[in-house]
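Trainee: I am sharing protein-v5.cif, which consists of mmCIF, C-alpha atoms and all ligand atoms:
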data_upload
loop_
_atom_site.label_atom_id
_atom_site.label_comp_id
_atom_site.auth_asym_id
_atom_site.auth_seq_id
_atom_site.Cartn_x
_atom_site.Cartn_y
_atom_site.Cartn_z
CA MET W 1 19.73 23.82 -10.82
CA VAL W 2 16.15 23.78 -9.47
CA SER W 3 15.65 23.05 -5.79
CA TYR W 4 12.61 21.03 -4.79
CA LYS W 5 12.10 23.52 -1.98
CA GLU W 6 11.20 26.18 -4.55
CA LEU W 7 8.59 23.80 -5.94
CA GLY W 8 6.91 23.32 -2.55
CA LEU W 9 7.91 19.65 -2.29
CA VAL W 10 9.35 17.94 0.80
CA ASN W 11 11.98 15.23 1.23
CA THR W 12 11.21 12.00 3.09
CA ARG W 13 13.12 12.61 6.34
CA GLU W 14 10.34 13.98 8.51
CA MET W 15 7.53 11.91 6.98
CA PHE W 16 9.47 8.70 7.58
CA ALA W 17 10.42 9.59 11.17
CA LYS W 18 6.74 10.22 11.97
CA ALA W 19 5.62 7.07 10.16
CA VAL W 20 8.08 4.85 12.06
CA ASP W 21 6.97 6.38 15.37
CA GLY W 22 3.29 6.26 14.50
CA GLY W 23 3.21 2.69 13.17
CA TYR W 24 1.94 3.49 9.68
CA ALA W 25 3.47 3.69 6.18
CA ILE W 26 3.62 6.39 3.49
CA PRO W 27 2.11 5.46 0.12
CA ALA W 28 4.52 5.62 -2.83
CA PHE W 29 2.45 5.68 -6.01
CA ASN W 30 4.00 5.66 -9.48
CA PHE W 31 2.67 7.99 -12.16
CA ASN W 32 3.23 8.46 -15.90
CA ASN W 33 0.30 10.63 -16.94
CA MET W 34 -2.14 13.32 -15.87
CA GLU W 35 -5.06 11.09 -14.88
CA GLN W 36 -2.91 9.04 -12.49
CA LEU W 37 -1.44 12.19 -10.99
CA GLN W 38 -4.89 13.76 -10.53
CA ALA W 39 -6.19 10.60 -8.85
CA ILE W 40 -3.19 10.42 -6.49
CA ILE W 41 -3.39 14.09 -5.48
CA GLN W 42 -7.17 14.01 -5.03
CA ALA W 43 -6.88 10.89 -2.85
CA ALA W 44 -4.05 12.37 -0.75
CA ALA W 45 -5.79 15.74 -0.38
CA GLU W 46 -9.11 14.20 0.65
CA THR W 47 -7.51 11.92 3.23
CA LYS W 48 -4.78 14.41 4.28
CA SER W 49 -2.15 11.76 3.74
CA PRO W 50 1.51 12.49 3.02
CA VAL W 51 2.33 11.00 -0.37
CA ILE W 52 5.35 10.05 -2.47
CA LEU W 53 5.01 10.58 -6.22
CA GLN W 54 7.28 8.05 -7.84
CA VAL W 55 8.83 8.42 -11.25
CA SER W 56 10.70 5.52 -12.79
CA LYS W 57 13.24 5.74 -15.56
CA GLY W 58 10.58 4.27 -17.84
CA ALA W 59 8.15 7.03 -16.84
CA ARG W 60 10.77 9.70 -17.59
CA ASN W 61 11.33 8.18 -21.00
CA TYR W 62 7.60 7.90 -21.63
CA ALA W 63 6.40 11.31 -20.46
CA ASN W 64 9.57 13.42 -20.74
CA ALA W 65 11.56 14.31 -17.61
CA THR W 66 11.04 18.08 -17.90
CA LEU W 67 7.31 17.77 -18.30
CA LEU W 68 7.08 15.42 -15.29
CA ARG W 69 8.89 17.96 -13.14
CA TYR W 70 6.43 20.69 -14.10
CA MET W 71 3.54 18.30 -13.49
CA ALA W 72 4.83 17.69 -9.96
CA GLU W 73 5.09 21.44 -9.41
CA GLY W 74 1.51 21.74 -10.60
CA ALA W 75 0.53 18.95 -8.22
CA VAL W 76 1.49 21.02 -5.17
CA ALA W 77 -0.56 24.00 -6.38
CA TYR W 78 -3.44 21.67 -7.31
CA ALA W 79 -3.40 20.08 -3.83
CA LYS W 80 -3.70 23.54 -2.25
CA GLU W 81 -6.54 24.40 -4.58
CA LEU W 82 -8.31 21.27 -3.39
CA GLY W 83 -8.18 22.67 0.15
CA TRP W 84 -5.11 20.82 1.45
CA GLU W 85 -3.43 23.66 3.27
CA HIS W 86 -0.01 22.10 3.89
CA PRO W 87 0.47 19.38 1.29
CA GLN W 88 3.29 16.95 2.05
CA ILE W 89 4.27 15.73 -1.37
CA CYS W 90 7.61 14.14 -2.17
CA LEU W 91 8.86 13.69 -5.74
CA HIS W 92 10.97 10.54 -5.83
CA LEU W 93 13.05 8.79 -8.48
CA ASP W 94 12.20 5.09 -8.47
CA HIS W 95 15.03 2.62 -9.27
CA GLY W 96 17.72 5.11 -10.28
CA ASP W 97 20.31 3.01 -12.07
CA SER W 98 23.31 5.35 -12.19
CA PHE W 99 24.92 8.32 -10.47
CA GLU W 100 24.12 10.44 -13.55
CA THR W 101 20.37 9.68 -13.46
CA CYS W 102 20.22 10.45 -9.73
CA LYS W 103 22.21 13.65 -10.17
CA SER W 104 19.97 14.85 -12.99
CA CYS W 105 16.92 14.33 -10.76
CA VAL W 106 18.51 16.14 -7.80
CA ASP W 107 19.40 19.01 -10.17
CA THR W 108 15.88 19.30 -11.58
CA GLY W 109 13.78 19.40 -8.42
CA PHE W 110 13.32 15.86 -7.11
CA SER W 111 13.22 15.79 -3.30
CA SER W 112 14.24 12.14 -3.00
CA VAL W 113 16.04 9.59 -5.18
CA MET W 114 16.57 5.87 -5.12
CA ILE W 115 19.86 4.41 -6.24
CA ASP W 116 19.27 0.76 -6.97
CA ALA W 117 22.68 -0.89 -7.12
CA SER W 118 21.35 -4.09 -5.57
CA SER W 119 22.35 -6.18 -8.58
CA LEU W 120 26.01 -5.19 -8.13
CA PRO W 121 28.42 -6.98 -5.79
CA TYR W 122 28.10 -5.77 -2.17
CA GLU W 123 31.16 -3.46 -2.11
CA GLU W 124 30.18 -1.87 -5.45
CA ASN W 125 26.64 -1.30 -4.18
CA ILE W 126 28.13 0.51 -1.17
CA ALA W 127 30.50 2.62 -3.30
CA LEU W 128 27.82 3.78 -5.78
CA THR W 129 25.20 4.39 -3.08
CA LYS W 130 27.69 6.44 -1.05
CA LYS W 131 28.55 8.56 -4.08
CA VAL W 132 24.85 9.37 -4.67
CA VAL W 133 24.27 10.08 -0.95
CA GLU W 134 27.21 12.51 -0.83
CA TYR W 135 25.87 14.46 -3.80
CA ALA W 136 22.17 14.39 -2.82
CA HIS W 137 22.76 15.40 0.78
CA LYS W 138 24.46 18.62 -0.33
CA PHE W 139 21.00 19.69 -1.49
CA ASP W 140 19.04 18.06 1.36
CA VAL W 141 17.64 15.41 -0.99
CA THR W 142 17.05 12.05 0.72
CA VAL W 143 18.33 8.75 -0.70
CA GLU W 144 16.80 5.28 -0.72
CA ALA W 145 19.15 2.33 -1.31
CA GLU W 146 18.47 -1.36 -1.86
CA LEU W 147 20.00 -4.49 -0.42
CA GLY W 148 18.77 -7.89 -1.57
CA VAL W 149 17.09 -8.77 -4.87
CA LEU W 150 13.36 -8.78 -5.67
CA ALA W 151 11.95 -11.07 -8.29
CA GLY W 152 9.67 -9.84 -11.06
CA VAL W 153 9.61 -7.19 -13.76
CA GLU W 154 9.02 -3.45 -13.39
CA ASP W 155 9.95 -1.17 -16.28
CA GLU W 156 13.64 -1.85 -16.79
CA VAL W 157 14.20 -3.74 -13.54
CA SER W 158 13.91 -7.49 -13.72
CA ALA W 159 15.25 -10.56 -11.95
CA ALA W 160 14.28 -14.18 -12.25
CA GLU W 161 14.91 -15.06 -8.63
CA SER W 162 14.69 -13.18 -5.35
CA HIS W 163 17.37 -13.15 -2.68
CA TYR W 164 16.26 -12.06 0.76
CA THR W 165 18.20 -9.21 2.34
CA LYS W 166 20.83 -10.56 4.75
CA PRO W 167 20.18 -9.01 8.17
CA GLU W 168 23.88 -9.36 9.09
CA GLU W 169 24.76 -6.84 6.35
CA VAL W 170 22.35 -3.99 7.11
CA ILE W 171 24.27 -2.15 9.85
CA ASP W 172 27.47 -2.08 7.82
CA PHE W 173 25.58 -1.03 4.68
CA ALA W 174 23.54 1.76 6.29
CA THR W 175 26.53 3.12 8.22
CA ARG W 176 28.98 3.13 5.34
CA THR W 177 26.61 4.54 2.71
CA GLY W 178 24.75 7.08 4.87
CA CYS W 179 21.50 6.26 3.04
CA ASP W 180 18.24 7.58 4.53
CA SER W 181 16.09 4.51 3.93
CA LEU W 182 16.60 0.94 2.82
CA ALA W 183 14.56 -1.17 0.42
CA ILE W 184 14.70 -4.80 1.46
CA SER W 185 13.70 -8.10 -0.07
CA ILE W 186 11.40 -10.25 2.08
CA GLY W 187 9.27 -11.88 -0.59
CA THR W 188 7.50 -8.98 -2.32
CA SER W 189 7.94 -8.86 -6.07
CA HIS W 190 7.43 -6.49 -9.03
CA GLY W 191 4.54 -6.71 -11.47
CA ALA W 192 1.12 -8.35 -11.56
CA TYR W 193 2.50 -11.90 -11.64
CA LYS W 194 4.36 -11.99 -8.36
CA PHE W 195 4.29 -15.76 -7.95
CA THR W 196 3.93 -18.74 -10.23
CA PRO W 197 0.98 -21.05 -9.52
CA GLU W 198 3.55 -23.63 -8.32
CA GLN W 199 4.70 -21.24 -5.57
CA CYS W 200 1.11 -20.76 -4.36
CA THR W 201 -1.59 -22.84 -2.75
CA ARG W 202 -5.21 -22.72 -3.93
CA ASP W 203 -8.25 -21.64 -1.96
CA PRO W 204 -10.42 -24.78 -2.11
CA LYS W 205 -13.64 -22.70 -2.22
CA THR W 206 -12.83 -20.07 -4.86
CA GLY W 207 -9.96 -21.75 -6.69
CA ARG W 208 -7.95 -18.50 -6.29
CA LEU W 209 -4.18 -18.61 -5.82
CA ILE W 210 -2.90 -17.91 -2.30
CA PRO W 211 0.69 -16.59 -2.38
CA PRO W 212 3.42 -17.67 0.06
CA PRO W 213 3.68 -15.39 3.14
CA LEU W 214 6.26 -12.60 3.43
CA ALA W 215 9.41 -13.35 5.46
CA PHE W 216 8.46 -11.42 8.60
CA ASP W 217 11.28 -13.14 10.51
CA VAL W 218 13.83 -11.44 8.19
CA LEU W 219 12.04 -8.08 8.61
CA HIS W 220 12.07 -8.37 12.42
CA GLU W 221 15.75 -9.27 12.45
CA ILE W 222 16.55 -6.23 10.32
CA GLU W 223 14.47 -4.03 12.65
CA LYS W 224 16.45 -5.32 15.62
CA LYS W 225 19.74 -4.47 13.91
CA LEU W 226 18.63 -0.96 12.86
CA PRO W 227 16.05 0.24 15.39
CA GLY W 228 13.87 3.02 13.97
CA PHE W 229 15.58 3.02 10.57
CA PRO W 230 13.11 3.56 7.68
CA ILE W 231 12.52 0.36 5.70
CA VAL W 232 10.92 0.29 2.23
CA LEU W 233 8.90 -2.43 0.49
CA HIS W 234 8.86 -2.49 -3.29
CA GLY W 235 6.52 -4.59 -5.41
CA SER W 236 3.68 -4.34 -2.90
CA SER W 237 0.60 -4.27 -5.07
CA SER W 238 -2.18 -6.61 -3.99
CA VAL W 239 -3.40 -7.25 -7.54
CA PRO W 240 -7.09 -6.93 -6.49
CA GLN W 241 -9.05 -9.79 -8.04
CA GLU W 242 -11.98 -7.47 -8.83
CA TYR W 243 -9.73 -5.57 -11.30
CA VAL W 244 -8.22 -8.74 -12.74
CA ASP W 245 -11.77 -10.05 -13.23
CA MET W 246 -12.88 -6.73 -14.76
CA CYS W 247 -9.98 -6.89 -17.27
CA ASN W 248 -10.68 -10.51 -18.13
CA LYS W 249 -14.45 -10.06 -18.40
CA TYR W 250 -14.06 -7.30 -21.00
CA GLY W 251 -11.57 -8.87 -23.37
CA GLY W 252 -8.38 -8.98 -21.27
CA ASN W 253 -6.16 -11.97 -20.70
CA LEU W 254 -4.51 -11.97 -17.27
CA PRO W 255 -4.59 -15.55 -16.04
CA ASN W 256 -3.14 -16.26 -12.59
CA ALA W 257 -2.24 -12.64 -11.76
CA VAL W 258 -1.46 -12.58 -8.03
CA GLY W 259 -0.16 -10.01 -5.52
CA ILE W 260 0.62 -9.46 -1.84
CA PRO W 261 -2.39 -9.90 0.48
CA GLU W 262 -3.39 -6.63 2.12
CA GLU W 263 -3.41 -8.11 5.66
CA GLN W 264 0.32 -8.72 5.32
CA LEU W 265 0.98 -5.18 4.11
CA ARG W 266 -1.11 -3.85 7.01
CA GLU W 267 1.07 -5.81 9.42
CA ALA W 268 4.27 -4.57 7.72
CA ALA W 269 3.07 -0.94 7.89
CA LYS W 270 2.92 -1.19 11.68
CA SER W 271 6.64 -2.05 11.81
CA ALA W 272 9.69 -0.05 10.65
CA VAL W 273 8.34 -0.37 7.10
CA CYS W 274 7.45 3.25 6.36
CA LYS W 275 7.18 3.34 2.55
CA ILE W 276 5.12 0.89 0.52
CA ASN W 277 5.35 1.01 -3.29
CA ILE W 278 2.19 0.45 -5.30
CA ASP W 279 2.14 0.62 -9.10
CA SER W 280 0.50 -2.47 -10.65
CA ASP W 281 -2.78 -1.92 -8.75
CA SER W 282 -3.16 1.47 -10.40
CA ARG W 283 -2.44 -0.01 -13.83
CA LEU W 284 -5.03 -2.73 -13.23
CA ALA W 285 -7.70 -0.31 -11.96
CA MET W 286 -7.17 1.95 -14.96
CA THR W 287 -7.13 -0.83 -17.55
CA GLY W 288 -10.14 -2.61 -16.01
CA ALA W 289 -12.22 0.58 -15.99
CA ILE W 290 -11.24 1.51 -19.56
CA ARG W 291 -11.97 -1.99 -20.88
CA LYS W 292 -15.37 -2.00 -19.20
CA TYR W 293 -16.29 1.47 -20.48
CA MET W 294 -15.22 0.71 -24.04
CA ALA W 295 -17.05 -2.61 -24.12
CA GLU W 296 -20.23 -0.96 -22.85
CA ASN W 297 -19.97 2.16 -25.02
CA PRO W 298 -18.58 1.06 -28.39
CA SER W 299 -19.63 4.27 -30.15
CA HIS W 300 -17.75 6.66 -27.83
CA PHE W 301 -14.38 7.98 -28.92
CA ASP W 302 -13.64 11.00 -26.70
CA PRO W 303 -10.74 9.92 -24.42
CA ARG W 304 -12.23 11.98 -21.59
CA GLN W 305 -15.24 9.69 -21.59
CA TYR W 306 -13.26 6.55 -20.78
CA LEU W 307 -10.44 8.18 -18.80
CA LYS W 308 -12.88 9.74 -16.33
CA PRO W 309 -14.16 6.42 -14.92
CA ALA W 310 -10.56 5.14 -15.02
CA ARG W 311 -9.43 8.09 -12.93
CA GLU W 312 -12.31 7.56 -10.49
CA GLU W 313 -11.44 3.87 -10.11
CA MET W 314 -7.79 4.69 -9.40
CA LYS W 315 -8.75 7.34 -6.86
CA LYS W 316 -11.03 4.88 -5.06
CA MET W 317 -8.18 2.36 -4.96
CA TYR W 318 -5.65 4.94 -3.66
CA ILE W 319 -8.03 6.05 -0.88
CA HIS W 320 -8.62 2.43 0.09
CA LYS W 321 -4.85 1.82 0.37
CA ILE W 322 -4.27 5.00 2.39
CA VAL W 323 -7.12 4.42 4.84
CA ASN W 324 -7.41 0.64 5.11
CA VAL W 325 -3.90 -0.67 4.42
CA LEU W 326 -1.20 1.92 5.17
CA GLY W 327 -2.97 3.99 7.86
CA SER W 328 -1.46 7.29 6.65
CA ASP W 329 -4.76 9.23 6.54
CA GLY W 330 -4.90 12.38 8.65
CA LYS W 331 -1.12 12.42 9.09
CA ALA W 332 -0.59 15.61 7.02
CA GLU W 333 -3.32 18.01 8.17
ZN ZN L 1 10.55 -1.32 -7.27
#
When written as structure tokens, how does the structure in this file appear?
Ligand SMILES: [Zn+2]
Mentor:
Amino acid sequence: MVSYKELGLVNTREMFAKAVDGGYAIPAFNFNNMEQLQAIIQAAAETKSPVILQVSKGARNYANATLLRYMAEGAVAYAKELGWEHPQICLHLDHGDSFETCKSCVDTGFSSVMIDASSLPYEENIALTKKVVEYAHKFDVTVEAELGVLAGVEDEVSAAESHYTKPEEVIDFATRTGCDSLAISIGTSHGAYKFTPEQCTRDPKTGRLIPPPLAFDVLHEIEKKLPGFPIVLHGSSSVPQEYVDMCNKYGGNLPNAVGIPEEQLREAAKSAVCKINIDSDSRLAMTGAIRKYMAENPSHFDPRQYLKPAREEMKKMYIHKIVNVLGSDGKAE
């Protein structure tokens, strides 16, 4: 048993309470490798933003769960070395699919876990979520649950159709499970293809796809039912067209990739939404930068040469999200 407290990590309780009060949101960035982790920590340290490091089941399989835990421990020390005196870093399991996975994360130093039982029938979702909450809370680990179904594909999570969260269920669900935060479905979606062209309209000037707006009416109803309760948005990458273009210009093939417009995320961050998950944007920034570097420097073969600009591009993107979209800069001095 390793407690996250020994690793210098924090759970989400205090960061969420402050974010709800302050009208901003905490960035939750996924990582699978060292360059992503460096970019996230550098961005958070420079902007003094609390940050959630997210690890999915796919990331644990890819990088090895033990190694990821030690990387997160290193991240706290690295943040201090960068001059961030009191780093607020949370290590969070993204889309935990069973009690066993959540338990193994709690036991190995995660400070927060998500149990995603949203594909189960309502009563089964409650029962499994409650079981995880009871275990995690013994160790002061916070738990995110999900109600409603998001469309799209992310690692092992996929659904063809979304179902908005039903506001009439949220009080019962939050009370009976004891969860600390709730991921809801209001039209965000996993991956870099959040909407089909048929679901979008087209900008007559640029020909770009404009996605349908998020269901803010559902969000506001949920907020009314659970005043001040931390709400989470998954699948909230914006799929910046500059990165899609960069990929496509240098040999990629990502037609019609489309995400959530940043103005809408900015508006959501001002509400009870206090955690916004961003993964695809980092993948796009990294891939775009690597493709460009390799196309322009065909004789280079040292991975450090192409991973350095990739890391810089990701860091620039993370800082942009923190400062211009979520508003979490300066909240962890
Ligand atoms: Zn997700």
Trainee: For segment 48-65 of chain W, find every residue with an atom within 8 Å (counting all atoms listed in the file), except residues of its own chain fewer than 3 positions away, and show them as an NGL selection string.
Mentor: :W and (15 or 26-33 or 44-45 or 68-69 or 84 or 87-96 or 155-156 or 322 or 328-333)
Trainee: Ligand ZN 1 (chain L): which residues are within 10 Å, counting only C-alpha atoms and all ligand atoms? Reply as a ChimeraX atom specification.
Mentor: /W:30,54,56,94-95,114,116,146,150-155,157-158,183,188-191,232-236,276-279
Trainee: Would you please work out which residue, of W:Asp281, W:Glu144, W:Glu134, W:Asp217, is nearest to Ile115 of chain W when using only C-alpha atoms?
Mentor: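 Using only C-alpha atoms, Ile115 of chain W sits closest to W:Glu144.
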Trainee: I'd like the neighbourhood of segment 250-267 of chain W as an MDAnalysis selection string, where a residue qualifies if any of its atoms comes within 10 Å (using all atoms listed in the file), though same-chain residues fewer than 2 positions away should be ignored.
Mentor: chainID W and resid 23:25 187:197 200 208:214 216 233 235:241 244:248 269:271 273 276 280:281 287:296 321 324:327
Trainee: Excluding same-chain residues fewer than 4 positions from Ile222 of chain W, what lies within 8 Å of it counting all atoms listed in the file, as an mmCIF file with C-alpha atoms, in the frame of the given file?
Mentor:
data_model
loop_
_atom_site.group_PDB
_atom_site.id
_atom_site.type_symbol
_atom_site.label_atom_id
_atom_site.label_comp_id
_atom_site.auth_asym_id
_atom_site.auth_seq_id
_atom_site.Cartn_x
_atom_site.Cartn_y
_atom_site.Cartn_z
ATOM 1 C CA PRO W 167 20.180 -9.010 8.170
ATOM 2 C CA VAL W 170 22.350 -3.990 7.110
ATOM 3 C CA VAL W 218 13.830 -11.440 8.190
ATOM 4 C CA LEU W 226 18.630 -0.960 12.860
#
Trainee: Out of W:Val20, W:Ile231, W:Ala268, W:Met317, which residue has the shortest atom-to-atom distance to Arg283 of chain W when counting all atoms listed in the file?
Mentor: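 Closest residue, counting all atoms listed in the file: W:Met317.
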Trainee: Work out how far atom CA of Ala17 of chain W is from atom CA of Ala75 of chain W, in Å to one decimal.
Mentor: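 Answer for the atom CA of Ala75 of chain W to atom CA of Ala17 of chain W separation: 23.7 Å.
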Trainee: Pick from W:Gly8, W:Lys18, W:Phe99, W:Glu198: nearest to Gly74 of chain W, with all atoms listed in the file counted?
Mentor: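 Once distances to Gly74 of chain W are computed over all atoms listed in the file, the minimum belongs to W:Gly8.
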